[in-house]
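K.L.:
Enclosed is the structure file final-v9.txt (compact mmCIF, C-alpha atoms).
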# COMPACT_ATOMS: atom_id res chain seq x y z
CA MET A 1 -59.96 3.13 -32.58
CA SER A 2 -58.68 -0.29 -33.50
CA VAL A 3 -57.20 -2.25 -30.60
CA LEU A 4 -55.45 -4.52 -33.10
CA GLU A 5 -54.45 -3.63 -36.62
CA LEU A 6 -52.52 -5.76 -39.07
CA ARG A 7 -51.47 -3.90 -42.22
CA GLY A 8 -50.28 -5.99 -45.15
CA VAL A 9 -48.66 -8.56 -42.87
CA SER A 10 -46.64 -11.36 -44.47
CA LYS A 11 -44.74 -14.14 -42.77
CA THR A 12 -42.40 -16.47 -44.59
CA TYR A 13 -40.70 -19.48 -43.05
CA GLY A 14 -37.73 -21.26 -44.63
CA GLN A 15 -35.87 -20.37 -47.80
CA GLY A 16 -35.67 -21.43 -51.43
CA PRO A 17 -37.71 -24.53 -52.29
CA ALA A 18 -38.64 -24.99 -48.60
CA GLU A 19 -40.11 -21.49 -48.42
CA VAL A 20 -43.59 -21.35 -46.89
CA HIS A 21 -45.75 -18.25 -46.96
CA ALA A 22 -47.80 -18.57 -43.77
CA LEU A 23 -49.31 -15.10 -44.21
CA ALA A 24 -49.40 -13.23 -47.50
CA GLY A 25 -50.23 -9.53 -47.20
CA LEU A 26 -52.96 -9.94 -44.62
CA SER A 27 -54.80 -6.90 -43.27
CA LEU A 28 -57.20 -7.06 -40.35
CA SER A 29 -58.55 -4.50 -37.94
CA VAL A 30 -60.31 -5.32 -34.67
CA ALA A 31 -62.08 -2.58 -32.71
CA ALA A 32 -62.67 -2.37 -28.96
CA GLY A 33 -65.68 -4.50 -28.03
CA GLU A 34 -65.45 -6.52 -31.22
CA MET A 35 -65.17 -10.29 -31.34
CA VAL A 36 -63.65 -11.58 -34.56
CA ALA A 37 -63.45 -15.30 -35.31
CA VAL A 38 -60.84 -16.58 -37.75
CA MET A 39 -61.60 -19.81 -39.59
CA GLY A 40 -59.67 -21.73 -42.21
CA PRO A 41 -58.14 -25.10 -42.97
CA SER A 42 -54.96 -26.33 -41.27
CA GLY A 43 -51.99 -24.44 -42.65
CA SER A 44 -54.06 -21.43 -43.69
CA GLY A 45 -52.12 -19.12 -41.34
CA LYS A 46 -54.54 -18.88 -38.39
CA SER A 47 -52.04 -19.65 -35.65
CA THR A 48 -49.32 -17.50 -37.25
CA LEU A 49 -51.80 -14.61 -37.28
CA LEU A 50 -52.30 -15.03 -33.51
CA THR A 51 -48.61 -15.29 -32.62
CA ILE A 52 -47.80 -12.21 -34.72
CA ALA A 53 -50.76 -10.25 -33.30
CA GLY A 54 -49.58 -11.26 -29.84
CA SER A 55 -46.00 -10.01 -30.49
CA LEU A 56 -44.61 -13.50 -29.96
CA GLU A 57 -43.28 -13.54 -33.53
CA GLU A 58 -42.26 -10.80 -35.96
CA PRO A 59 -43.74 -10.48 -39.43
CA THR A 60 -41.46 -10.72 -42.46
CA SER A 61 -43.12 -7.56 -43.76
CA GLY A 62 -46.07 -5.35 -42.90
CA GLU A 63 -47.03 -3.58 -39.71
CA VAL A 64 -48.79 -4.66 -36.51
CA LEU A 65 -50.32 -2.08 -34.17
CA VAL A 66 -51.70 -2.88 -30.73
CA GLY A 67 -53.62 -0.06 -29.04
CA GLY A 68 -52.32 2.24 -31.78
CA ALA A 69 -48.63 1.51 -31.06
CA ALA A 70 -46.52 -0.14 -33.77
CA LEU A 71 -44.80 -3.30 -32.54
CA SER A 72 -41.89 -2.76 -34.95
CA GLY A 73 -40.79 0.32 -32.98
CA MET A 74 -41.04 -1.43 -29.61
CA SER A 75 -38.13 -2.81 -27.56
CA ARG A 76 -38.12 -6.38 -26.30
CA ASN A 77 -39.03 -5.11 -22.85
CA GLY A 78 -41.77 -2.97 -24.31
CA LYS A 79 -43.30 -6.01 -25.99
CA ALA A 80 -43.01 -8.08 -22.82
CA ARG A 81 -44.81 -5.32 -20.92
CA LEU A 82 -47.51 -5.26 -23.59
CA ARG A 83 -47.99 -9.02 -23.21
CA ARG A 84 -48.30 -8.69 -19.42
CA ARG A 85 -50.66 -5.70 -19.39
CA VAL A 86 -52.60 -5.43 -22.62
CA ILE A 87 -52.81 -8.83 -24.30
CA GLY A 88 -54.40 -11.95 -22.82
CA TYR A 89 -53.97 -15.43 -24.29
CA VAL A 90 -56.28 -18.43 -24.12
CA PHE A 91 -55.02 -21.77 -25.41
CA GLN A 92 -56.79 -25.03 -26.23
CA ASP A 93 -54.86 -26.91 -23.53
CA PHE A 94 -55.41 -24.21 -20.84
CA ASN A 95 -51.65 -23.83 -20.02
CA LEU A 96 -52.24 -23.43 -16.27
CA LEU A 97 -49.25 -24.00 -13.98
CA PRO A 98 -49.97 -27.25 -12.11
CA GLY A 99 -48.17 -26.24 -8.88
CA LEU A 100 -50.26 -23.08 -8.40
CA THR A 101 -53.87 -22.79 -7.23
CA ALA A 102 -56.52 -21.26 -9.52
CA ALA A 103 -56.20 -17.90 -7.72
CA GLU A 104 -52.38 -17.98 -7.92
CA ASN A 105 -52.52 -18.82 -11.64
CA VAL A 106 -54.83 -15.88 -12.29
CA ALA A 107 -52.75 -13.48 -10.17
CA LEU A 108 -49.46 -14.52 -11.79
CA PRO A 109 -49.42 -12.04 -14.73
CA LEU A 110 -49.99 -9.16 -12.30
CA GLU A 111 -47.24 -10.37 -9.94
CA LEU A 112 -44.84 -10.72 -12.86
CA ASP A 113 -45.71 -7.15 -13.75
CA GLY A 114 -44.62 -5.94 -10.30
CA VAL A 115 -48.01 -5.65 -8.61
CA ALA A 116 -47.76 -6.38 -4.87
CA VAL A 117 -48.70 -10.00 -4.04
CA GLY A 118 -51.68 -9.11 -1.84
CA LYS A 119 -53.11 -6.73 -4.43
CA ALA A 120 -52.52 -9.21 -7.25
CA ARG A 121 -54.24 -12.04 -5.37
CA ALA A 122 -57.23 -9.80 -4.60
CA ALA A 123 -57.53 -8.91 -8.30
CA GLY A 124 -57.18 -12.62 -9.16
CA LEU A 125 -59.99 -13.55 -6.78
CA ALA A 126 -62.19 -10.80 -8.20
CA ALA A 127 -61.57 -12.08 -11.75
CA LEU A 128 -62.46 -15.65 -10.68
CA ASP A 129 -65.57 -14.37 -8.89
CA GLY A 130 -66.63 -12.55 -12.06
CA LEU A 131 -66.60 -15.87 -13.90
CA GLY A 132 -68.49 -17.76 -11.17
CA LEU A 133 -65.38 -19.57 -9.88
CA ALA A 134 -64.88 -17.96 -6.46
CA GLY A 135 -65.51 -21.33 -4.80
CA ARG A 136 -62.68 -22.98 -6.76
CA ALA A 137 -60.01 -20.35 -6.05
CA SER A 138 -57.87 -22.53 -3.76
CA ARG A 139 -58.06 -25.64 -5.96
CA PHE A 140 -55.12 -26.83 -8.07
CA PRO A 141 -55.66 -27.34 -11.83
CA ASP A 142 -55.81 -31.14 -11.50
CA GLU A 143 -58.70 -30.77 -9.05
CA LEU A 144 -60.76 -28.85 -11.61
CA SER A 145 -62.86 -30.09 -14.55
CA GLY A 146 -61.83 -29.20 -18.10
CA GLY A 147 -64.49 -26.49 -18.33
CA GLU A 148 -63.39 -24.99 -14.99
CA ARG A 149 -59.74 -25.03 -16.05
CA GLN A 150 -60.53 -23.11 -19.22
CA ARG A 151 -62.62 -20.59 -17.25
CA VAL A 152 -59.64 -20.09 -14.91
CA ALA A 153 -57.43 -19.59 -17.99
CA ILE A 154 -59.87 -16.96 -19.27
CA ALA A 155 -59.83 -15.21 -15.87
CA ARG A 156 -56.01 -15.16 -16.12
CA ALA A 157 -56.21 -13.75 -19.67
CA LEU A 158 -58.57 -10.98 -18.53
CA VAL A 159 -57.05 -10.03 -15.16
CA GLY A 160 -55.94 -6.39 -14.92
CA ALA A 161 -57.13 -4.10 -17.67
CA ARG A 162 -56.48 -6.22 -20.76
CA GLN A 163 -57.67 -4.77 -24.03
CA LEU A 164 -56.93 -7.61 -26.42
CA LEU A 165 -57.79 -11.28 -26.01
CA LEU A 166 -56.21 -13.82 -28.37
CA ALA A 167 -57.69 -17.31 -28.22
CA ASP A 168 -56.53 -20.41 -30.11
CA GLU A 169 -59.26 -23.11 -30.25
CA PRO A 170 -60.43 -22.16 -26.72
CA SER A 171 -63.16 -24.78 -26.66
CA GLY A 172 -61.30 -27.46 -28.59
CA ALA A 173 -60.85 -29.75 -25.58
CA LEU A 174 -64.36 -29.29 -24.17
CA ASP A 175 -67.80 -30.85 -24.68
CA SER A 176 -70.44 -28.67 -26.30
CA VAL A 177 -72.08 -27.42 -23.07
CA ASN A 178 -68.76 -26.40 -21.49
CA ALA A 179 -67.65 -25.00 -24.84
CA GLU A 180 -70.70 -22.75 -24.83
CA ASP A 181 -69.94 -21.54 -21.27
CA VAL A 182 -66.41 -20.64 -22.38
CA VAL A 183 -67.49 -18.80 -25.51
CA ARG A 184 -70.17 -16.92 -23.53
CA LEU A 185 -67.41 -15.64 -21.22
CA LEU A 186 -65.36 -14.44 -24.19
CA HIS A 187 -68.47 -12.85 -25.70
CA GLU A 188 -69.30 -11.07 -22.42
CA ALA A 189 -65.72 -9.80 -22.11
CA CYS A 190 -66.16 -8.24 -25.57
CA GLN A 191 -69.45 -6.66 -24.52
CA ARG A 192 -67.46 -4.99 -21.71
CA GLY A 193 -65.11 -3.49 -24.31
CA VAL A 194 -62.35 -6.07 -24.81
CA ALA A 195 -61.33 -6.81 -28.42
CA ALA A 196 -60.96 -10.52 -29.16
CA VAL A 197 -59.57 -12.64 -31.97
CA VAL A 198 -60.66 -16.27 -31.73
CA VAL A 199 -59.08 -18.83 -34.02
CA THR A 200 -61.22 -21.92 -34.45
CA HIS A 201 -62.35 -24.80 -36.68
CA ASN A 202 -65.67 -24.82 -34.87
CA ALA A 203 -68.43 -22.94 -36.70
CA GLN A 204 -70.68 -23.01 -33.61
CA LEU A 205 -68.00 -21.13 -31.65
CA ALA A 206 -67.27 -18.77 -34.56
CA ALA A 207 -70.98 -17.93 -34.86
CA TRP A 208 -70.77 -16.03 -31.56
CA ALA A 209 -68.43 -13.52 -33.19
CA GLY A 210 -69.74 -10.33 -34.74
CA ARG A 211 -67.48 -11.00 -37.71
CA VAL A 212 -66.04 -14.23 -39.06
CA VAL A 213 -62.95 -13.97 -41.27
CA PHE A 214 -61.97 -16.90 -43.52
CA LEU A 215 -58.31 -17.55 -44.30
CA ARG A 216 -56.75 -19.67 -47.01
CA ASP A 217 -53.05 -19.75 -47.93
CA GLY A 218 -52.36 -16.82 -45.62
CA GLN A 219 -54.93 -14.54 -47.21
CA VAL A 220 -58.46 -13.47 -46.32
CA THR A 221 -60.83 -15.20 -48.74
CA GLY A 222 -64.00 -13.74 -47.30
CA GLN A 223 -65.77 -12.47 -44.22
CA THR A 224 -69.31 -12.41 -42.95
CA THR A 225 -71.34 -9.25 -43.17
CA PRO A 226 -72.73 -7.96 -39.85
CA PRO A 227 -75.51 -10.36 -38.87
CA THR A 228 -79.05 -9.12 -39.13
CA GLY A 229 -81.38 -9.70 -36.20
CA PRO A 230 -82.72 -13.19 -35.60
CA GLU A 231 -86.30 -12.05 -36.33
CA SER A 232 -86.01 -13.27 -39.92
CA LEU A 233 -85.43 -16.83 -38.69
CA LEU A 234 -88.76 -16.89 -36.92
CA ALA A 235 -90.77 -15.45 -39.80
CA GLY A 236 -91.33 -18.89 -41.30
CA PRO A 237 -89.82 -21.25 -43.84
CA GLY A 238 -87.78 -19.58 -46.52
CA GLN A 239 -87.85 -16.18 -44.81
CA GLY A 240 -84.45 -16.40 -43.18
CA ARG A 241 -82.47 -15.58 -46.31
CA MET B 1 -82.01 -31.83 -57.72
CA SER B 2 -82.40 -29.39 -60.60
CA VAL B 3 -82.42 -31.38 -63.85
CA PRO B 4 -82.15 -28.26 -66.08
CA HIS B 5 -79.00 -27.12 -64.28
CA ALA B 6 -77.49 -30.59 -64.31
CA LEU B 7 -78.01 -30.72 -68.11
CA LEU B 8 -76.49 -27.23 -68.47
CA ALA B 9 -73.48 -28.46 -66.47
CA LEU B 10 -73.04 -31.42 -68.84
CA LEU B 11 -73.41 -29.11 -71.87
CA SER B 12 -70.77 -26.79 -70.42
CA GLU B 13 -68.24 -29.52 -71.30
CA GLY B 14 -69.20 -29.32 -74.99
CA PRO B 15 -72.10 -30.02 -77.41
CA LYS B 16 -74.01 -33.27 -76.69
CA TYR B 17 -76.94 -35.35 -77.96
CA GLY B 18 -80.05 -35.95 -75.87
CA LEU B 19 -79.44 -39.64 -75.25
CA GLN B 20 -75.83 -38.94 -74.37
CA LEU B 21 -76.99 -36.36 -71.81
CA ARG B 22 -79.28 -38.88 -70.18
CA GLU B 23 -76.52 -41.48 -69.91
CA GLU B 24 -73.99 -39.01 -68.58
CA PHE B 25 -76.47 -37.54 -66.10
CA GLU B 26 -77.15 -40.96 -64.61
CA ALA B 27 -73.48 -41.93 -64.58
CA ARG B 28 -72.38 -38.70 -62.92
CA THR B 29 -75.01 -38.89 -60.20
CA GLY B 30 -74.06 -42.45 -59.24
CA GLU B 31 -77.33 -43.61 -60.89
CA VAL B 32 -79.27 -42.45 -57.86
CA TRP B 33 -81.54 -40.21 -59.93
CA PRO B 34 -83.01 -42.16 -62.87
CA LEU B 35 -84.06 -39.90 -65.72
CA ASN B 36 -86.33 -40.87 -68.65
CA VAL B 37 -85.67 -39.77 -72.21
CA GLY B 38 -88.93 -37.79 -72.39
CA GLN B 39 -87.87 -35.77 -69.36
CA VAL B 40 -84.51 -35.01 -70.97
CA TYR B 41 -86.04 -33.75 -74.23
CA LYS B 42 -88.74 -31.75 -72.44
CA THR B 43 -86.06 -30.08 -70.32
CA LEU B 44 -83.90 -29.41 -73.40
CA GLN B 45 -86.87 -27.79 -75.18
CA ARG B 46 -87.40 -25.56 -72.17
CA LEU B 47 -83.72 -24.64 -72.02
CA GLU B 48 -83.84 -23.79 -75.75
CA ARG B 49 -87.00 -21.73 -75.35
CA ASP B 50 -85.37 -19.77 -72.50
CA GLY B 51 -82.21 -19.16 -74.55
CA LEU B 52 -80.02 -21.16 -72.15
CA ALA B 53 -79.17 -23.84 -74.72
CA GLU B 54 -79.35 -24.08 -78.52
CA SER B 55 -79.45 -26.93 -81.03
CA ASP B 56 -77.77 -27.28 -84.39
CA GLY B 57 -81.31 -27.48 -85.82
CA ILE B 58 -80.51 -30.15 -88.45
CA ALA B 59 -83.26 -32.52 -87.38
CA ASP B 60 -86.50 -32.25 -85.49
CA ASP B 61 -86.55 -33.34 -81.88
CA GLY B 62 -84.80 -36.66 -81.81
CA PRO B 63 -81.56 -38.45 -81.16
CA GLN B 64 -79.75 -36.70 -84.07
CA LYS B 65 -80.16 -33.26 -82.56
CA ARG B 66 -77.10 -31.87 -80.83
CA PHE B 67 -77.32 -29.25 -78.09
CA ARG B 68 -74.87 -26.69 -76.83
CA ILE B 69 -74.94 -24.24 -73.94
CA THR B 70 -75.37 -20.50 -74.69
CA ALA B 71 -73.63 -17.61 -72.91
CA SER B 72 -76.83 -16.98 -70.89
CA GLY B 73 -76.92 -20.70 -70.05
CA ALA B 74 -73.35 -20.56 -68.73
CA ALA B 75 -74.19 -17.43 -66.73
CA GLU B 76 -77.33 -19.10 -65.32
CA LEU B 77 -75.28 -22.17 -64.35
CA ALA B 78 -72.66 -20.00 -62.64
CA VAL B 79 -75.36 -18.21 -60.62
CA TRP B 80 -77.07 -21.51 -59.71
CA LEU B 81 -73.81 -23.06 -58.50
CA ARG B 82 -73.31 -20.13 -56.15
CA THR B 83 -76.90 -19.74 -55.00
CA PRO B 84 -77.32 -21.31 -51.55
CA PRO B 85 -80.03 -23.96 -51.43
CA ASP B 86 -83.08 -23.43 -49.26
CA LEU B 87 -81.81 -24.66 -45.89
CA THR B 88 -85.22 -24.51 -44.25
CA SER B 89 -85.89 -27.95 -45.76
CA PRO B 90 -83.40 -30.86 -45.81
CA PRO B 91 -80.66 -29.29 -47.92
CA ARG B 92 -77.80 -31.73 -47.91
CA ASP B 93 -78.40 -33.41 -51.23
CA GLU B 94 -78.66 -30.20 -53.20
CA LEU B 95 -75.46 -28.86 -51.69
CA VAL B 96 -73.64 -32.14 -52.33
CA MET B 97 -74.81 -32.01 -55.95
CA LYS B 98 -73.59 -28.43 -56.37
CA VAL B 99 -70.15 -29.40 -55.15
CA LEU B 100 -70.10 -32.56 -57.31
CA VAL B 101 -71.21 -30.56 -60.33
CA ALA B 102 -68.74 -27.73 -59.60
CA VAL B 103 -65.89 -30.26 -59.77
CA ARG B 104 -66.93 -31.05 -63.35
CA VAL B 105 -67.71 -27.61 -64.76
CA PRO B 106 -64.68 -26.34 -66.72
CA GLY B 107 -63.20 -23.11 -65.41
CA THR B 108 -64.96 -23.39 -62.05
CA ASP B 109 -62.91 -23.09 -58.87
CA VAL B 110 -64.64 -25.63 -56.65
CA HIS B 111 -62.97 -24.16 -53.54
CA GLU B 112 -64.56 -20.80 -54.32
CA VAL B 113 -67.97 -22.47 -54.73
CA ILE B 114 -67.47 -24.24 -51.37
CA GLN B 115 -66.44 -20.98 -49.72
CA ALA B 116 -69.59 -19.21 -50.98
CA HIS B 117 -71.73 -21.85 -49.28
CA ARG B 118 -69.59 -21.91 -46.13
CA LEU B 119 -69.90 -18.14 -45.76
CA TYR B 120 -73.67 -18.31 -46.12
CA LEU B 121 -73.94 -21.14 -43.56
CA VAL B 122 -71.82 -19.31 -40.97
CA GLU B 123 -73.88 -16.14 -41.44
CA LEU B 124 -77.02 -18.18 -40.83
CA MET B 125 -75.41 -19.71 -37.72
CA GLN B 126 -74.59 -16.19 -36.47
CA GLN B 127 -78.29 -15.33 -36.66
CA TRP B 128 -79.29 -18.48 -34.74
CA THR B 129 -76.58 -17.75 -32.14
CA ARG B 130 -77.99 -14.25 -31.62
CA LEU B 131 -81.34 -15.87 -30.99
CA LYS B 132 -79.70 -18.27 -28.53
CA ASP B 133 -78.06 -15.36 -26.70
CA GLY B 134 -81.28 -13.34 -26.67
CA GLU B 135 -84.79 -14.77 -26.67
CA ALA B 136 -83.73 -18.40 -26.20
CA ARG B 137 -81.98 -17.66 -22.87
CA GLY B 138 -85.22 -17.89 -20.92
CA ASP B 139 -86.98 -20.35 -23.20
CA LEU B 140 -85.69 -23.90 -22.92
CA GLY B 141 -87.81 -25.20 -25.79
CA LEU B 142 -86.55 -22.50 -28.13
CA ALA B 143 -82.96 -23.09 -26.92
CA LEU B 144 -83.26 -26.77 -27.86
CA VAL B 145 -84.64 -25.91 -31.29
CA VAL B 146 -81.86 -23.38 -31.83
CA ASP B 147 -79.27 -25.98 -30.79
CA ALA B 148 -80.74 -28.50 -33.21
CA GLU B 149 -80.57 -26.00 -36.04
CA LEU B 150 -77.00 -24.98 -35.12
CA PHE B 151 -75.85 -28.61 -35.03
CA ARG B 152 -77.52 -29.29 -38.38
CA LEU B 153 -75.83 -26.29 -40.00
CA ASP B 154 -72.56 -27.13 -38.23
CA ALA B 155 -72.66 -30.61 -39.75
CA VAL B 156 -73.03 -29.11 -43.22
CA THR B 157 -70.05 -26.77 -42.67
CA ARG B 158 -67.97 -29.72 -41.45
CA TRP B 159 -68.85 -31.64 -44.59
CA LEU B 160 -67.80 -28.62 -46.69
CA ASP B 161 -64.48 -28.48 -44.78
CA ALA B 162 -63.90 -32.18 -45.38
CA ALA B 163 -64.83 -31.87 -49.08
CA ASP B 164 -62.50 -28.89 -49.42
CA ALA B 165 -59.61 -30.82 -47.85
CA ARG B 166 -60.34 -33.99 -49.82
CA LEU B 167 -60.43 -32.08 -53.13
CA SER B 168 -57.16 -30.28 -52.31
CA ARG B 169 -55.52 -33.60 -51.51
CA ALA B 170 -56.89 -35.24 -54.67
CA ALA B 171 -55.62 -32.35 -56.80
CA ALA B 172 -52.13 -32.77 -55.32
CA GLU B 173 -51.99 -36.50 -55.99
CA PRO B 174 -51.58 -38.18 -59.38
CA PRO B 175 -54.86 -39.77 -60.58
CA ARG B 176 -55.21 -43.45 -59.70
CA PRO B 177 -57.36 -45.97 -61.53
CA ALA B 178 -60.44 -46.90 -59.48
CA PRO B 179 -60.46 -50.43 -58.06
CA ALA B 180 -62.51 -52.80 -60.22
CA ALA B 181 -64.90 -53.67 -57.38
CA VAL B 182 -66.26 -50.13 -56.95
CA PRO B 183 -68.47 -49.86 -60.08
CA GLN B 184 -69.97 -53.27 -59.27
CA LEU B 185 -70.89 -52.19 -55.76
CA ARG B 186 -72.39 -48.96 -57.05
CA ARG B 187 -74.55 -50.73 -59.63
CA ALA B 188 -75.69 -53.27 -57.06
CA GLY B 189 -76.67 -50.45 -54.69
CA VAL B 190 -78.79 -48.66 -57.26
CA ARG B 191 -80.86 -51.63 -58.41
CA ARG B 192 -82.86 -51.83 -55.22
Mind converting the file's structure to structure tokens?
P.N.:
Amino acid sequence: MSVLELRGVSKTYGQGPAEVHALAGLSLSVAAGEMVAVMGPSGSGKSTLLTIAGSLEEPTSGEVLVGGAALSGMSRNGKARLRRRVIGYVFQDFNLLPGLTAAENVALPLELDGVAVGKARAAGLAALDGLGLAGRASRFPDELSGGERQRVAIARALVGARQLLLADEPSGALDSVNAEDVVRLLHEACQRGVAAVVVTHNAQLAAWAGRVVFLRDGQVTGQTTPPTGPESLLAGPGQGR
Amino acid sequence: MSVPHALLALLSEGPKYGLQLREEFEARTGEVWPLNVGQVYKTLQRLERDGLAESDGIADDGPQKRFRITASGAAELAVWLRTPPDLTSPPRDELVMKVLVAVRVPGTDVHEVIQAHRLYLVELMQQWTRLKDGEARGDLGLALVVDAELFRLDAVTRWLDAADARLSRAAAEPPRPAPAAVPQLRRAGVRR
């Protein structure tokens, strides 16, 4: 079953001559365990797609389903609950709270969802440990490197039993080695069954996805076919086609 | 650079004489690829033989003969524009030429041509990334080679993105006359 489904989603901002069609009848389905990268020029609708998929904005028309449930039929509280329990977000600039330690940042979504503090902190520590950051749990964000901060942000996005990860240029602020560490974590989360949508300009990051979708003017202009094995690349010149 | 396809692209604008084709070819390619008249007529003969171009047949081979593209020639050009170059050898120039030519071919959406190449490049990068995640994990040498290939392909996709954006911007702006100094610089650069 699809964890995320967008059916004919359009989003229009402004009116009359100032009208902008950020999304124009876009359909996209992302299954559990699937990592989908979304590429496209600035203004192609990538970020709007993420905010609508994440229930932070409502489409002008069309339907969005998360875990099979239509967002249009959901109350404000229902959507807030969905954002705390089902959807995880990763941003380019990490968005960690500076006054909280790494462990407290990661535990925060659980605490906001009513999980007892002790239990939430234990889950937070486990999530950090899973990403190789147990030793940094009591550090504040400004005591961490950029790569570590983004790994903490990913731990926060995955804590609990999240099914859908939405990432906006997750490696945009990182050098290539740290960027690869971050994308490997997202890729591994997908291998454990999480569905992910990663918006990026970076083809090296997008190439980790099983499917790359290209947007232009709010519409899908193409997508990659499932990659064949890498054997063809090693067969010799001209064989990798 | 494929001379036959470049000539087909020029003929797609309308019928032309051999000498005219040579001049236009050199002008359009920034005079980086000099072409002799013999090469032009030999290529035109081959295009005619293959049914990709036809002449008005008034004169024998010579400057009075005018050539036009056939339907098969236009189809061949369309396929060539969309056929990814062989990226196992340095590919940049061929891809740049395809985009430059696509801008000139009437009825061709250059953004669609760019997207066809971008899609192919990203699919190739997905294959290299699978290799990086698999076999190259325990093989540092292979990991370095894979990185080199990914950066090379990444650079090409970035160029396509920049070309795409530049062409969109140019289409939105009114045409401006080129500064007088530019043709001088170009000519000076080619004489070396």
K.L.:
Just the number, please: distance in Å from atom CA of A:Val106 to atom CA of A:Leu125, one decimal.
P.N.:
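So the answer is 7.9 Å.
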K.L.:
Got a sec: who's within 10 Å of A:Gly147, counting only C-alpha atoms, leaving out chain neighbours fewer than 2 positions off, as a list in words?
P.N.:
Phe94, Leu144, Ser145, Arg149, Gln150, Arg151, Val152, Ala153, Ser171, Ala173, Leu174, Asp175, Val177, Asn178, Ala179, Glu180, Asp181 and Val182 of chain A
K.L.:
May I ask you to extract the residues of chain B within 7 Å of chain A, using all atoms listed in the file, and to give them as number ranges by chain?
P.N.:
B: 86, 88, 119, 122-123, 125-131, 150, 154
K.L.:
Would you save the residues of that selection, restricted to C-alpha atoms, as a tab-separated table (two decimals), in the coordinates of the input?
P.N.:
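Output below, filename out.tsv:
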chain	number	residue	atom	x	y	z
B	86	ASP	CA	-83.08	-23.43	-49.26
B	88	THR	CA	-85.22	-24.51	-44.25
B	119	LEU	CA	-69.90	-18.14	-45.76
B	122	VAL	CA	-71.82	-19.31	-40.97
B	123	GLU	CA	-73.88	-16.14	-41.44
B	125	MET	CA	-75.41	-19.71	-37.72
B	126	GLN	CA	-74.59	-16.19	-36.47
B	127	GLN	CA	-78.29	-15.33	-36.66
B	128	TRP	CA	-79.29	-18.48	-34.74
B	129	THR	CA	-76.58	-17.75	-32.14
B	130	ARG	CA	-77.99	-14.25	-31.62
B	131	LEU	CA	-81.34	-15.87	-30.99
B	150	LEU	CA	-77.00	-24.98	-35.12
B	154	ASP	CA	-72.56	-27.13	-38.23
K.L.:
Between A:Leu110, A:Ala127, A:Val115, A:Val220, which residue has the minimum interatomic distance to A:Val86, considering only C-alpha atoms?
P.N.:
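Smallest distance to A:Val86 is found for A:Leu110.
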K.L.:
A:Ile52: which residues within 12 Å, counting all atoms listed in the file, same-chain residues fewer than 3 positions away excluded, as number ranges by chain?
P.N.:
A: 4-7, 9-11, 22-23, 26, 45-49, 55-66, 71-72, 79, 83, 166
K.L.:
Quote the spacing between atom CA of B:Asp164 and atom CA of B:Ile114 in Å to one decimal place.
P.N.:
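Between atom CA of B:Asp164 and atom CA of B:Ile114 the gap works out to 7.1 Å.
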K.L.:
As an exercise, work out the distance from atom CA of B:Gly14 to atom CA of B:Ala53 in Å and give it to one decimal place.
P.N.:
11.4 Å
K.L.:
Select, from B:Leu35, B:Leu21, B:Ala6, B:Ala71, the residue with the minimum atom-to-atom distance to B:Val99, counting only C-alpha atoms.
P.N.:
B:Ala6
K.L.:
Measuring atom to atom with all atoms listed in the file, identify which of A:Arg121, A:Arg76, A:Arg136, A:Arg84 is nearest to A:Ala157.
P.N.:
A:Arg84
K.L.:
When you look at B:Leu8 with a cut-off of 7 Å (counting only C-alpha atoms), what residues show up, excluding the ones that are within fewer than 2 positions of it in the same chain? I need them as an NGL selection string.
P.N.:
:B and (4-6 or 10-12 or 69 or 73 or 77)
K.L.:
Please, what is the axis-aligned box for every listed atom of stretch 159-177 of chain B with 6 Å on each side, as centre and edge lengths in Å to one decimal, as AutoDock Vina command-line options?
P.N.:
--center_x -60.2 --center_y -37.2 --center_z -53.1 --size_x 29.3 --size_y 29.5 --size_z 28.9
K.L.:
Can you sort out stretch 166-173 of chain B so it carries N, CA and C atoms, written as a PDB file, in the frame of the given file?
P.N.:
ATOM      1  N   ARG B 166     -60.459 -32.802 -48.984  1.00  0.00           N
ATOM      2  CA  ARG B 166     -60.340 -33.990 -49.820  1.00  0.00           C
ATOM      3  C   ARG B 166     -60.017 -33.593 -51.279  1.00  0.00           C
ATOM      4  N   LEU B 167     -60.674 -32.527 -51.754  1.00  0.00           N
ATOM      5  CA  LEU B 167     -60.430 -32.080 -53.130  1.00  0.00           C
ATOM      6  C   LEU B 167     -59.021 -31.520 -53.288  1.00  0.00           C
ATOM      7  N   SER B 168     -58.534 -30.807 -52.251  1.00  0.00           N
ATOM      8  CA  SER B 168     -57.160 -30.280 -52.310  1.00  0.00           C
ATOM      9  C   SER B 168     -56.172 -31.437 -52.374  1.00  0.00           C
ATOM     10  N   ARG B 169     -56.424 -32.447 -51.558  1.00  0.00           N
ATOM     11  CA  ARG B 169     -55.520 -33.600 -51.510  1.00  0.00           C
ATOM     12  C   ARG B 169     -55.556 -34.352 -52.850  1.00  0.00           C
ATOM     13  N   ALA B 170     -56.755 -34.519 -53.393  1.00  0.00           N
ATOM     14  CA  ALA B 170     -56.890 -35.240 -54.670  1.00  0.00           C
ATOM     15  C   ALA B 170     -56.174 -34.489 -55.789  1.00  0.00           C
ATOM     16  N   ALA B 171     -56.250 -33.146 -55.740  1.00  0.00           N
ATOM     17  CA  ALA B 171     -55.620 -32.350 -56.800  1.00  0.00           C
ATOM     18  C   ALA B 171     -54.097 -32.466 -56.730  1.00  0.00           C
ATOM     19  N   ALA B 172     -53.580 -32.697 -55.503  1.00  0.00           N
ATOM     20  CA  ALA B 172     -52.130 -32.770 -55.320  1.00  0.00           C
ATOM     21  C   ALA B 172     -51.565 -34.142 -55.670  1.00  0.00           C
ATOM     22  N   GLU B 173     -52.453 -35.137 -55.726  1.00  0.00           N
ATOM     23  CA  GLU B 173     -51.990 -36.500 -55.990  1.00  0.00           C
ATOM     24  C   GLU B 173     -52.196 -36.865 -57.454  1.00  0.00           C
TER      25      GLU B 173
END
